[in-house]
>>> print(open('upload.cif').read())   # mmCIF, C-alpha atoms
data_entry
#
loop_
_atom_site.label_atom_id
_atom_site.label_comp_id
_atom_site.auth_asym_id
_atom_site.auth_seq_id
_atom_site.Cartn_x
_atom_site.Cartn_y
_atom_site.Cartn_z
CA MET A 1314 0.00 0.00 0.00
CA ARG A 1315 1.25 3.51 -0.77
CA VAL A 1316 1.12 5.35 2.54
CA MET A 1317 -0.39 8.82 2.11
CA CYS A 1318 -0.47 10.14 5.69
CA SER A 1319 -2.38 13.42 6.03
CA ASP A 1320 -0.70 14.20 9.38
CA TRP A 1321 2.75 14.06 7.79
CA TYR A 1322 1.61 16.13 4.82
CA GLY A 1323 0.09 18.75 7.11
CA MET A 1324 3.25 19.01 9.17
CA ILE A 1325 5.45 19.26 6.08
CA GLU A 1326 3.23 21.94 4.59
CA LYS A 1327 3.25 23.90 7.87
CA TYR A 1328 7.03 24.13 7.96
CA CYS A 1329 7.22 24.85 4.26
CA ILE A 1330 4.89 27.81 4.74
CA ILE A 1331 7.04 29.10 7.60
CA LEU A 1332 10.09 28.76 5.40
CA ALA A 1333 8.36 30.40 2.46
CA ASN A 1334 7.22 33.36 4.56
CA ALA A 1335 10.80 33.82 5.64
CA MET A 1336 11.92 33.63 2.03
CA LYS A 1337 9.08 35.94 0.91
CA HIS A 1338 8.76 34.08 -2.34
CA ARG A 1339 5.69 31.98 -3.29
CA ILE A 1340 7.32 30.14 -6.21
CA GLN A 1341 10.20 28.97 -4.09
CA PHE A 1342 7.71 27.65 -1.53
CA MET A 1343 5.79 25.64 -4.12
CA VAL A 1344 8.96 24.14 -5.56
CA LEU A 1345 10.23 23.21 -2.13
CA LEU A 1346 6.88 21.70 -1.15
CA CYS A 1347 6.81 19.52 -4.27
CA ILE A 1348 10.34 18.30 -3.64
CA VAL A 1349 9.63 17.41 -0.01
CA LEU A 1350 6.38 15.59 -0.83
CA CYS A 1351 8.02 13.60 -3.63
CA ILE A 1352 10.82 12.53 -1.30
CA PHE A 1353 8.33 11.54 1.41
CA HIS A 1354 6.23 9.52 -1.05
CA ALA A 1355 9.26 7.76 -2.53
CA CYS A 1356 10.52 6.79 0.93
CA ASN A 1357 7.21 5.24 1.90
CA GLN A 1358 5.78 3.79 -1.29
CA ASP A 1359 6.92 0.25 -0.45
CA LEU A 1360 5.35 0.19 3.02
CA THR A 1361 2.38 -2.11 3.56
CA GLN A 1362 -0.04 -2.39 6.46
CA VAL A 1363 0.15 -5.95 7.76
CA PRO A 1364 -2.27 -7.44 10.32
CA VAL A 1365 -0.76 -9.18 13.37
CA LEU A 1366 -2.37 -10.95 16.34
CA SER A 1367 -1.97 -9.06 19.60
CA GLY A 1368 -1.93 -10.70 23.04
CA GLU A 1369 -3.73 -13.82 24.15
CA PRO A 1370 -7.17 -14.74 22.77
CA VAL A 1371 -10.37 -14.80 24.83
CA LYS A 1372 -12.68 -17.79 24.35
CA ILE A 1373 -16.15 -16.26 24.28
CA CYS A 1374 -18.27 -19.40 23.84
CA GLU A 1375 -18.07 -23.15 24.28
CA LEU A 1376 -19.30 -26.13 22.30
CA PRO A 1377 -22.94 -26.53 23.40
CA ASP A 1378 -24.82 -29.66 24.37
CA LEU A 1379 -27.60 -30.14 21.80
CA ASP A 1380 -29.38 -32.84 23.80
CA SER A 1381 -31.54 -34.85 21.36
CA LEU A 1382 -29.83 -33.14 18.40
CA ASN A 1383 -26.36 -34.31 19.41
CA GLY A 1384 -24.63 -36.32 16.70
CA PRO A 1385 -23.46 -39.93 17.04
CA ASP A 1386 -19.83 -38.87 17.58
CA LEU A 1387 -19.41 -35.79 19.78
CA LYS A 1388 -15.75 -35.55 18.78
CA ARG A 1389 -16.91 -34.75 15.24
CA GLN A 1390 -19.56 -32.23 16.33
CA HIS A 1391 -17.90 -28.89 15.53
CA VAL A 1392 -18.49 -25.15 15.76
CA VAL A 1393 -17.42 -23.75 12.38
CA ASP A 1394 -18.33 -20.73 10.18
CA HIS A 1395 -19.93 -17.92 12.16
CA GLY A 1396 -21.03 -14.28 12.11
CA PHE A 1397 -21.36 -11.36 14.54
CA ILE A 1398 -23.79 -8.44 14.78
CA ARG A 1399 -24.60 -5.81 17.39
CA ALA A 1400 -28.32 -5.79 18.16
CA GLY A 1401 -30.59 -2.83 18.83
CA ASP A 1402 -30.25 -3.24 22.61
CA GLY A 1403 -26.45 -3.02 22.38
CA SER A 1404 -25.84 -6.73 22.93
CA TRP A 1405 -23.57 -8.79 20.67
CA GLN A 1406 -25.15 -11.64 18.76
CA LEU A 1407 -23.11 -14.58 17.49
CA TRP A 1408 -24.47 -17.32 15.23
CA ALA A 1409 -22.37 -20.29 14.15
CA CYS A 1410 -22.85 -23.32 11.96
CA MET A 1411 -22.61 -26.60 13.84
CA ARG A 1412 -21.73 -29.69 11.84
CA GLY A 1413 -21.90 -33.33 12.79
CA THR A 1414 -25.23 -33.05 14.60
CA ALA A 1415 -27.99 -35.67 14.49
CA VAL A 1416 -29.75 -33.79 11.66
CA GLY A 1417 -26.73 -32.47 9.75
CA ARG A 1418 -25.80 -28.77 9.87
CA LEU A 1419 -27.75 -26.20 11.88
CA LEU A 1420 -27.20 -22.69 13.28
CA TYR A 1421 -26.64 -22.07 16.99
CA GLY A 1422 -26.55 -18.70 18.76
CA TRP A 1423 -24.93 -16.93 21.73
CA GLN A 1424 -25.27 -13.44 23.22
CA GLY A 1425 -22.61 -11.32 24.90
CA LYS A 1426 -22.49 -7.94 26.64
CA SER A 1427 -18.91 -7.33 25.57
CA LEU A 1428 -17.09 -8.47 22.46
CA THR A 1429 -13.97 -9.43 24.43
CA GLU A 1430 -15.35 -10.97 27.62
CA ALA A 1431 -15.72 -14.72 28.07
CA GLY A 1432 -18.93 -16.48 29.01
CA TRP A 1433 -21.39 -15.50 26.30
CA LEU A 1434 -24.85 -16.88 27.05
CA PRO A 1435 -26.26 -19.55 24.72
CA HIS A 1436 -29.44 -18.82 22.77
CA GLY A 1437 -29.86 -22.39 21.59
CA VAL A 1438 -30.64 -23.49 18.04
CA VAL A 1439 -31.56 -20.34 16.10
CA ALA A 1440 -32.18 -21.78 12.62
CA ARG A 1441 -32.52 -25.07 10.77
CA ALA A 1442 -32.93 -25.73 7.06
CA ASP A 1443 -36.57 -25.46 5.98
CA ALA A 1444 -37.83 -27.52 3.02
CA SER A 1445 -40.84 -25.21 2.59
CA TRP A 1446 -38.37 -22.48 1.57
CA ASP A 1447 -36.58 -24.90 -0.80
CA GLU A 1448 -33.61 -25.32 1.51
CA VAL A 1449 -31.54 -28.50 1.82
CA THR A 1450 -33.05 -31.10 4.16
CA VAL A 1451 -32.27 -34.37 2.26
CA PRO A 1452 -30.28 -36.54 2.80
CA GLU A 1453 -29.55 -34.31 5.79
CA GLU A 1454 -30.16 -30.71 6.76
CA LYS A 1455 -27.64 -28.17 5.53
CA ILE A 1456 -27.65 -24.51 6.55
CA GLN A 1457 -24.34 -22.71 7.07
CA ALA A 1458 -22.09 -19.65 7.17
CA PRO A 1459 -24.30 -16.89 8.67
CA TYR A 1460 -23.24 -13.34 7.82
CA PHE A 1461 -24.92 -10.19 9.18
CA ILE A 1462 -25.24 -6.61 8.02
CA ARG A 1463 -27.23 -3.63 9.28
CA GLN A 1464 -29.25 -1.91 6.55
CA ASP A 1465 -31.35 1.15 7.41
CA SER A 1466 -33.70 0.12 10.25
CA ALA A 1467 -33.36 -3.63 9.68
CA TRP A 1468 -30.79 -6.32 10.36
CA LEU A 1469 -30.13 -8.94 7.67
CA CYS A 1470 -28.66 -12.41 8.15
CA PHE A 1471 -27.37 -14.09 4.99
CA TYR A 1472 -26.63 -17.80 4.85
CA ASN A 1473 -26.21 -20.76 2.47
CA SER A 1474 -28.74 -23.52 1.85
CA ASN A 1475 -29.41 -24.39 -1.79
CA GLY A 1476 -28.25 -20.92 -2.77
CA PHE A 1477 -27.50 -17.66 -1.01
CA ARG A 1478 -30.45 -16.71 1.23
CA VAL A 1479 -31.51 -14.05 3.72
CA MET A 1480 -33.47 -13.54 6.94
CA ARG A 1481 -34.62 -10.24 8.42
CA SER A 1482 -34.88 -8.82 11.94
CA ASP A 1483 -36.32 -5.65 13.44
CA ASP A 1484 -34.21 -5.84 16.60
CA GLY A 1485 -31.03 -7.67 15.55
CA ILE A 1486 -31.87 -10.65 17.77
CA ASN A 1487 -34.90 -12.45 16.35
CA TYR A 1488 -34.75 -13.30 12.63
CA ARG A 1489 -37.31 -14.68 10.20
CA ARG A 1490 -37.36 -15.66 6.56
CA PHE A 1491 -39.27 -13.30 4.28
CA HIS A 1492 -40.22 -12.96 0.62
CA PHE A 1493 -37.13 -11.25 -0.71
CA ARG A 1494 -37.87 -11.89 -4.39
CA ASP A 1495 -40.44 -13.90 -6.37
CA GLY A 1496 -41.96 -15.41 -3.23
CA THR A 1497 -38.62 -16.75 -1.93
CA ASN A 1498 -35.80 -15.60 0.31
CA LEU A 1499 -33.20 -16.47 -2.34
CA VAL A 1500 -30.67 -13.71 -3.01
CA PHE A 1501 -28.98 -15.61 -5.83
CA ASP A 1502 -28.33 -19.26 -6.66
CA LYS A 1503 -25.06 -20.99 -7.59
CA ALA A 1504 -23.49 -18.99 -4.79
CA GLY A 1505 -21.08 -21.61 -3.53
CA ARG A 1506 -20.70 -21.26 0.23
CA ASP A 1507 -19.26 -19.09 3.00
CA VAL A 1508 -20.65 -15.89 1.49
CA MET A 1509 -19.76 -12.53 3.05
CA ILE A 1510 -20.74 -9.02 1.92
CA MET A 1511 -18.57 -5.91 1.89
CA GLU A 1512 -20.04 -2.48 1.09
CA ASP A 1513 -17.77 0.12 -0.51
CA GLU A 1514 -18.89 3.47 -1.90
CA GLY A 1515 -22.46 2.33 -2.56
CA LEU A 1516 -21.52 -1.01 -4.14
CA TYR A 1517 -22.00 -4.37 -2.42
CA TYR A 1518 -19.38 -7.10 -2.97
CA ALA A 1519 -20.43 -10.70 -2.20
CA TYR A 1520 -17.39 -12.96 -1.84
CA SER A 1521 -17.86 -16.74 -1.62
CA THR A 1522 -16.10 -20.09 -1.90
CA ILE A 1523 -16.63 -22.37 -4.90
CA SER A 1524 -15.60 -26.05 -4.87
CA THR A 1525 -15.73 -28.03 -8.12
CA VAL A 1526 -15.16 -31.57 -9.37
CA SER A 1527 -14.11 -32.12 -12.99
CA ARG A 1528 -14.94 -35.09 -15.21
CA ASP A 1529 -11.63 -36.74 -14.41
CA ASN A 1530 -12.32 -36.26 -10.67
CA TRP A 1531 -9.89 -33.40 -10.14
CA ARG A 1532 -11.24 -31.18 -7.37
CA SER A 1533 -10.52 -27.47 -6.99
CA GLY A 1534 -11.49 -24.50 -4.85
CA PHE A 1535 -11.43 -20.75 -5.46
CA ILE A 1536 -13.01 -17.49 -4.31
CA VAL A 1537 -15.37 -15.43 -6.43
CA VAL A 1538 -17.09 -12.06 -6.13
CA ARG A 1539 -20.41 -10.73 -7.41
CA THR A 1540 -21.49 -7.09 -7.09
CA SER A 1541 -24.77 -5.25 -6.63
CA LYS A 1542 -25.99 -1.71 -6.07
CA ASN A 1543 -29.13 -2.80 -4.22
CA ILE A 1544 -28.59 -6.40 -2.92
CA LEU A 1545 -31.33 -7.45 -5.34
CA ASP A 1546 -29.66 -7.49 -8.76
CA TRP A 1547 -26.25 -9.15 -8.91
CA SER A 1548 -23.50 -9.32 -11.52
CA ASP A 1549 -21.94 -12.48 -12.87
CA TYR A 1550 -19.02 -13.84 -10.86
CA THR A 1551 -15.31 -13.04 -11.14
CA ILE A 1552 -12.60 -15.32 -9.72
CA VAL A 1553 -10.52 -13.21 -7.31
CA SER A 1554 -8.28 -15.79 -5.60
CA GLN A 1555 -7.13 -19.31 -6.41
CA GLY A 1556 -4.12 -21.56 -5.92
CA GLY A 1557 -0.84 -20.37 -4.54
CA ILE A 1558 0.55 -21.42 -1.20
CA GLY A 1559 -2.91 -22.21 0.20
CA GLY A 1560 -3.39 -24.99 -2.33
CA ASN A 1561 -5.87 -25.80 -5.10
CA GLY A 1562 -8.12 -28.42 -3.50
CA PRO A 1563 -11.81 -28.05 -2.62
CA VAL A 1564 -11.08 -26.74 0.90
CA SER A 1565 -8.07 -24.56 -0.02
CA ALA A 1566 -9.96 -21.25 -0.40
CA GLU A 1567 -12.62 -21.12 2.30
CA SER A 1568 -14.36 -18.57 4.53
CA PRO A 1569 -13.29 -15.43 2.64
CA PHE A 1570 -13.41 -12.12 4.47
CA VAL A 1571 -12.60 -8.86 2.67
CA LEU A 1572 -12.21 -5.42 4.22
CA LYS A 1573 -11.03 -2.05 2.97
CA LYS A 1574 -8.42 -0.12 4.92
CA GLY A 1575 -6.39 2.89 3.88
CA GLY A 1576 -7.41 2.62 0.24
CA MET A 1577 -6.39 -1.03 -0.01
CA TYR A 1578 -8.47 -4.22 0.05
CA TYR A 1579 -7.48 -7.14 2.26
CA LEU A 1580 -8.61 -10.72 1.66
CA PHE A 1581 -8.44 -13.20 4.56
CA ARG A 1582 -8.57 -16.66 2.97
CA SER A 1583 -8.64 -19.89 4.99
CA SER A 1584 -7.35 -23.31 4.00
CA SER A 1585 -8.49 -26.48 5.72
CA TRP A 1586 -5.52 -28.23 4.11
CA THR A 1587 -3.04 -26.21 6.15
CA GLY A 1588 -5.20 -24.85 8.98
CA LYS A 1589 -3.91 -21.34 8.28
CA CYS A 1590 -5.36 -18.06 7.11
CA TYR A 1591 -3.61 -16.30 4.21
CA VAL A 1592 -3.89 -12.53 3.94
CA TYR A 1593 -3.62 -10.74 0.58
CA ALA A 1594 -3.52 -6.98 -0.05
CA SER A 1595 -4.64 -5.45 -3.34
CA ASP A 1596 -5.71 -2.10 -4.73
CA ASP A 1597 -8.27 -4.02 -6.83
CA PRO A 1598 -11.18 -5.80 -5.04
CA TYR A 1599 -11.52 -8.10 -8.07
CA ASN A 1600 -7.95 -9.44 -7.97
CA PHE A 1601 -6.04 -10.92 -5.03
CA GLY A 1602 -3.96 -13.27 -7.16
CA VAL A 1603 -4.95 -16.28 -9.26
CA ASN A 1604 -2.38 -19.10 -9.15
CA ASN A 1605 0.22 -16.77 -7.65
CA ASP A 1606 1.05 -15.20 -4.29
CA SER A 1607 2.31 -11.84 -5.49
CA LYS A 1608 -0.24 -10.08 -3.24
CA LEU A 1609 0.29 -12.31 -0.19
CA ILE A 1610 1.45 -10.25 2.81
CA THR A 1611 1.20 -12.62 5.80
CA MET A 1612 -0.20 -15.86 7.23
CA LEU A 1613 -2.16 -16.03 10.50
CA PRO A 1614 -2.65 -19.13 12.71
CA VAL A 1615 -6.45 -18.80 12.81
CA LYS A 1616 -9.29 -20.76 11.19
CA ALA A 1617 -12.29 -19.29 9.34
CA PRO A 1618 -12.02 -15.83 10.93
CA GLU A 1619 -14.45 -12.93 10.97
CA LEU A 1620 -13.13 -9.39 11.47
CA ILE A 1621 -14.77 -6.67 13.52
CA GLN A 1622 -13.85 -3.01 14.02
CA LEU A 1623 -15.08 -1.52 17.29
CA ASP A 1624 -14.22 2.00 18.47
CA GLY A 1625 -11.21 2.11 16.16
CA GLN A 1626 -9.84 -1.25 17.33
CA TRP A 1627 -9.80 -4.34 15.09
CA TYR A 1628 -10.61 -7.85 16.34
CA ILE A 1629 -10.39 -11.24 14.65
CA SER A 1630 -12.16 -14.49 15.56
CA ASP A 1631 -10.87 -18.06 15.43
CA ILE A 1632 -12.63 -21.45 15.62
CA ALA A 1633 -9.35 -23.02 16.75
CA ASP A 1634 -10.07 -26.64 17.79
CA PHE A 1635 -13.77 -26.45 16.77
CA THR A 1636 -14.98 -26.46 20.41
CA GLY A 1637 -15.96 -22.81 20.53
CA ILE A 1638 -14.92 -19.38 19.26
CA ARG A 1639 -12.17 -17.12 20.53
CA ILE A 1640 -11.30 -13.48 19.88
CA TYR A 1641 -7.91 -11.82 19.34
CA ARG A 1642 -7.08 -8.15 19.17
CA LEU A 1643 -5.66 -7.35 15.75
CA GLU A 1644 -3.03 -4.68 15.19
CA TRP A 1645 -1.78 -3.27 11.89
CA ILE A 1646 1.93 -2.58 11.44
CA LEU A 1647 3.82 -0.92 8.62
CA LYS A 1648 6.22 -3.29 6.92
CA ARG A 1649 8.33 -3.23 3.77
#
>>> encode(input="upload.cif", output="C-alpha cells")
Amino acid sequence: MRVMCSDWYGMIEKYCIILANAMKHRIQFMVLLCIVLCIFHACNQDLTQVPVLSGEPVKICELPDLDSLNGPDLKRQHVVDHGFIRAGDGSWQLWACMRGTAVGRLLYGWQGKSLTEAGWLPHGVVARADASWDEVTVPEEKIQAPYFIRQDSAWLCFYNSNGFRVMRSDDGINYRRFHFRDGTNLVFDKAGRDVMIMEDEGLYYAYSTISTVSRDNWRSGFIVVRTSKNILDWSDYTIVSQGGIGGNGPVSAESPFVLKKGGMYYLFRSSSWTGKCYVYASDDPYNFGVNNDSKLITMLPVKAPELIQLDGQWYISDIADFTGIRIYRLEWILKR
C-alpha cells in the first residue's frame, strides 16, 4: 500500500509555509513543497499495512450440548463458520454453523455484553434448514455460514442452503425468513458457500467459496465475487483468488473475508488443508492473485475468521479446535 499520511503532509506543509514566509517568495515555496512531498512519497511507497495478532485470545463461547440433536460422535460435532452483529439493545449476537449433529448442519446462537469478555450466554438453536423455503433437508439438513449486516432500520442475516439466502430482523436478535424476491428468500443461486458481503462506496461485494469436481475427478477451490448496487440485482461472478501457497483443492480457499483499509483491500482466505489463514492486499477488489502469491502479505494461525472493528480497534475471531470461538485483538503494522 502507498502510505499517504495526512498528518505528515500537514506538518510538512506547515514548515514549508514558515520557510516560504521567511523567504518571501511563493514560487520557491511551491517548488520546495513539491520536492519534499516527492521525497516523502518515494521513501514510503513500499510500506504495507500488515495485520498481526496481539496478546492472548479470549474464548467467548463453548461447544454446546444439543441434547436430542447431538450427533453420534461428539468428537466430530464442531463449531465452524460464524457471524457477529450488534443488536438494537447493544448486545452482541453470534451465530455459528454446527456440523456433525444428528440432523446435519444447523445454526446455533450466543449473546454477549462485551465483544472481548468470556462467558457468552447460549441462545440455543436459532435456525434449521426449511424444506418449505426450498432449503436443503435431504439426505440431511444443511444450513451454514451466517453473515450479518445492518441496513437502514433492519438487520439482515445471509446464509447458504441451496443458494445464497436471507433472513430479516427488526431488533437484531430475532430473525425470520421473508419474501425477498419472487416469493422466496433467495438472493442468488449458484453462490457456492461461505458468502460474506462488503459495502464500498455504494456497491456491495459478495465474496464466496466455490468447490468443483471435474470429469476426471480433479477437485478445486477458489473465491469469487459478485457485485450489486441494491442487494437485489447481482452481476456475474469473477474469480478473485485461487491456488498459490494455500493450495488448489476443494477446501483450499474457504471462509473469505474482505475489508477495505487505507485505500487497499485485504482478503483473509482460509485453508483447511493447512489450517492457516492467508492474507492478501490489493488495490483491486476483483484481484487478489490467481495461481500466484504476489499479493500475499502474511499468514495467520487462525481458522475461518471474521473481522470486527469496534471503536477504532480491530478484532479477529478463530474457531481453533472447533470447540468454541475465541477473539484476538488485531493490530496493523507498517512493513516493507
>>> atom_distance(input="upload.cif", atom1="CA of Val1363 in chain A", atom2="CA of Tyr1579 in chain A")
9.5 Å
>>> resolve_selection(input="upload.cif", expression="the PyMOL selection byres ((chain A and resi 1642) around 6)", output="list in words")
Ser1367, Tyr1628, Tyr1641 and Leu1643 of chain A
>>> write_last_selection(input="upload.cif", atoms="C-alpha atoms", output="short mmCIF file (atom, residue, chain, number, x, y, z; two decimals), in the coordinates of the input")
data_model
loop_
_atom_site.label_atom_id
_atom_site.label_comp_id
_atom_site.auth_asym_id
_atom_site.auth_seq_id
_atom_site.Cartn_x
_atom_site.Cartn_y
_atom_site.Cartn_z
CA SER A 1367 -1.97 -9.06 19.60
CA TYR A 1628 -10.61 -7.85 16.34
CA TYR A 1641 -7.91 -11.82 19.34
CA LEU A 1643 -5.66 -7.35 15.75
#
>>> closest_residue(input="upload.cif", among="A:Trp1586, A:Phe1491, A:Phe1635, A:Tyr1550", to="Val1392 in chain A", atoms="all atoms listed in the file")
A:Phe1635
>>> resolve_selection(input="upload.cif", expression="the PyMOL selection byres ((chain A and resi 1463) around 10)", output="PyMOL selection string")
chain A and resi 1398-1400+1461-1462+1464-1470+1481-1482+1485
>>> residues_around(input="upload.cif", residues="range 1551-1566 of chain A", least_positions_apart="3", cutoff="10 Å", atoms="all atoms listed in the file", output="mmCIF file with C-alpha atoms, in the coordinates of the input")
data_model
loop_
_atom_site.group_PDB
_atom_site.id
_atom_site.type_symbol
_atom_site.label_atom_id
_atom_site.label_comp_id
_atom_site.auth_asym_id
_atom_site.auth_seq_id
_atom_site.Cartn_x
_atom_site.Cartn_y
_atom_site.Cartn_z
ATOM 1 C CA TYR A 1520 -17.390 -12.960 -1.840
ATOM 2 C CA SER A 1521 -17.860 -16.740 -1.620
ATOM 3 C CA THR A 1522 -16.100 -20.090 -1.900
ATOM 4 C CA ILE A 1523 -16.630 -22.370 -4.900
ATOM 5 C CA SER A 1524 -15.600 -26.050 -4.870
ATOM 6 C CA THR A 1525 -15.730 -28.030 -8.120
ATOM 7 C CA VAL A 1526 -15.160 -31.570 -9.370
ATOM 8 C CA TRP A 1531 -9.890 -33.400 -10.140
ATOM 9 C CA ARG A 1532 -11.240 -31.180 -7.370
ATOM 10 C CA SER A 1533 -10.520 -27.470 -6.990
ATOM 11 C CA GLY A 1534 -11.490 -24.500 -4.850
ATOM 12 C CA PHE A 1535 -11.430 -20.750 -5.460
ATOM 13 C CA ILE A 1536 -13.010 -17.490 -4.310
ATOM 14 C CA VAL A 1537 -15.370 -15.430 -6.430
ATOM 15 C CA VAL A 1538 -17.090 -12.060 -6.130
ATOM 16 C CA ARG A 1539 -20.410 -10.730 -7.410
ATOM 17 C CA THR A 1540 -21.490 -7.090 -7.090
ATOM 18 C CA SER A 1548 -23.500 -9.320 -11.520
ATOM 19 C CA PRO A 1569 -13.290 -15.430 2.640
ATOM 20 C CA LEU A 1580 -8.610 -10.720 1.660
ATOM 21 C CA PHE A 1581 -8.440 -13.200 4.560
ATOM 22 C CA ARG A 1582 -8.570 -16.660 2.970
ATOM 23 C CA SER A 1583 -8.640 -19.890 4.990
ATOM 24 C CA SER A 1584 -7.350 -23.310 4.000
ATOM 25 C CA SER A 1585 -8.490 -26.480 5.720
ATOM 26 C CA TRP A 1586 -5.520 -28.230 4.110
ATOM 27 C CA THR A 1587 -3.040 -26.210 6.150
ATOM 28 C CA GLY A 1588 -5.200 -24.850 8.980
ATOM 29 C CA LYS A 1589 -3.910 -21.340 8.280
ATOM 30 C CA CYS A 1590 -5.360 -18.060 7.110
ATOM 31 C CA TYR A 1591 -3.610 -16.300 4.210
ATOM 32 C CA TYR A 1593 -3.620 -10.740 0.580
ATOM 33 C CA ASP A 1597 -8.270 -4.020 -6.830
ATOM 34 C CA PRO A 1598 -11.180 -5.800 -5.040
ATOM 35 C CA TYR A 1599 -11.520 -8.100 -8.070
ATOM 36 C CA ASN A 1600 -7.950 -9.440 -7.970
ATOM 37 C CA PHE A 1601 -6.040 -10.920 -5.030
ATOM 38 C CA GLY A 1602 -3.960 -13.270 -7.160
ATOM 39 C CA VAL A 1603 -4.950 -16.280 -9.260
ATOM 40 C CA ASN A 1604 -2.380 -19.100 -9.150
ATOM 41 C CA ASN A 1605 0.220 -16.770 -7.650
ATOM 42 C CA ASP A 1606 1.050 -15.200 -4.290
ATOM 43 C CA SER A 1607 2.310 -11.840 -5.490
ATOM 44 C CA LEU A 1609 0.290 -12.310 -0.190
ATOM 45 C CA MET A 1612 -0.200 -15.860 7.230
#
>>> atom_distance(input="upload.cif", atom1="CA of Lys1616 in chain A", atom2="CA of Met1480 in chain A")
25.6 Å
>>> resolve_selection(input="upload.cif", expression="the PyMOL selection byres ((chain A and resi 1503) around 9)", output="number ranges by chain")
A: 1475-1477, 1501-1502, 1504-1506, 1523
>>> residues_around(input="upload.cif", residues="Tyr1578 in chain A", least_positions_apart="4", cutoff="8 Å", atoms="only C-alpha atoms", output="CSV table (one decimal) with C-alpha atoms, in the frame of the given file")
chain,number,residue,atom,x,y,z
A,1571,VAL,CA,-12.6,-8.9,2.7
A,1572,LEU,CA,-12.2,-5.4,4.2
A,1573,LYS,CA,-11.0,-2.0,3.0
A,1574,LYS,CA,-8.4,-0.1,4.9
A,1594,ALA,CA,-3.5,-7.0,0.0
A,1595,SER,CA,-4.6,-5.4,-3.3
A,1596,ASP,CA,-5.7,-2.1,-4.7
A,1597,ASP,CA,-8.3,-4.0,-6.8
A,1598,PRO,CA,-11.2,-5.8,-5.0
>>> closest_atom_pairs(input="upload.cif", of="range 1468-1541 of chain A", to="range 1428-1447 of chain A", cutoff="12 Å", atoms="all atoms listed in the file", output="Markdown table")
| residue | atom | partner | partner_atom | distance |
| --- | --- | --- | --- | --- |
| A:Cys1470 | CA | A:Ala1440 | CA | 11.0 |
| A:Phe1471 | CA | A:Ala1440 | CA | 11.9 |
| A:Tyr1472 | CA | A:Ala1440 | CA | 10.3 |
| A:Asn1473 | CA | A:Ala1442 | CA | 9.5 |
| A:Ser1474 | CA | A:Ala1442 | CA | 7.0 |
| A:Asn1475 | CA | A:Asp1447 | CA | 7.3 |
| A:Gly1476 | CA | A:Asp1447 | CA | 9.4 |
| A:Phe1477 | CA | A:Asp1447 | CA | 11.6 |
| A:Arg1478 | CA | A:Trp1446 | CA | 9.8 |
| A:Val1479 | CA | A:Trp1446 | CA | 11.1 |
| A:Met1480 | CA | A:Ala1440 | CA | 10.1 |
| A:Ile1486 | CA | A:Val1439 | CA | 9.8 |
| A:Asn1487 | CA | A:Val1439 | CA | 8.6 |
| A:Tyr1488 | CA | A:Val1439 | CA | 8.5 |
| A:Arg1489 | CA | A:Ala1440 | CA | 9.1 |
| A:Arg1490 | CA | A:Trp1446 | CA | 8.5 |
| A:Phe1491 | CA | A:Trp1446 | CA | 9.6 |
| A:His1492 | CA | A:Trp1446 | CA | 9.7 |
| A:Phe1493 | CA | A:Trp1446 | CA | 11.5 |
| A:Asp1495 | CA | A:Trp1446 | CA | 11.9 |
| A:Gly1496 | CA | A:Trp1446 | CA | 9.3 |
| A:Thr1497 | CA | A:Trp1446 | CA | 6.7 |
| A:Asn1498 | CA | A:Trp1446 | CA | 7.5 |
| A:Leu1499 | CA | A:Trp1446 | CA | 8.8 |
| A:Asp1502 | CA | A:Asp1447 | CA | 11.6 |
>>> atom_distance(input="upload.cif", atom1="CA of Phe1397 in chain A", atom2="CA of Leu1545 in chain A")
22.6 Å
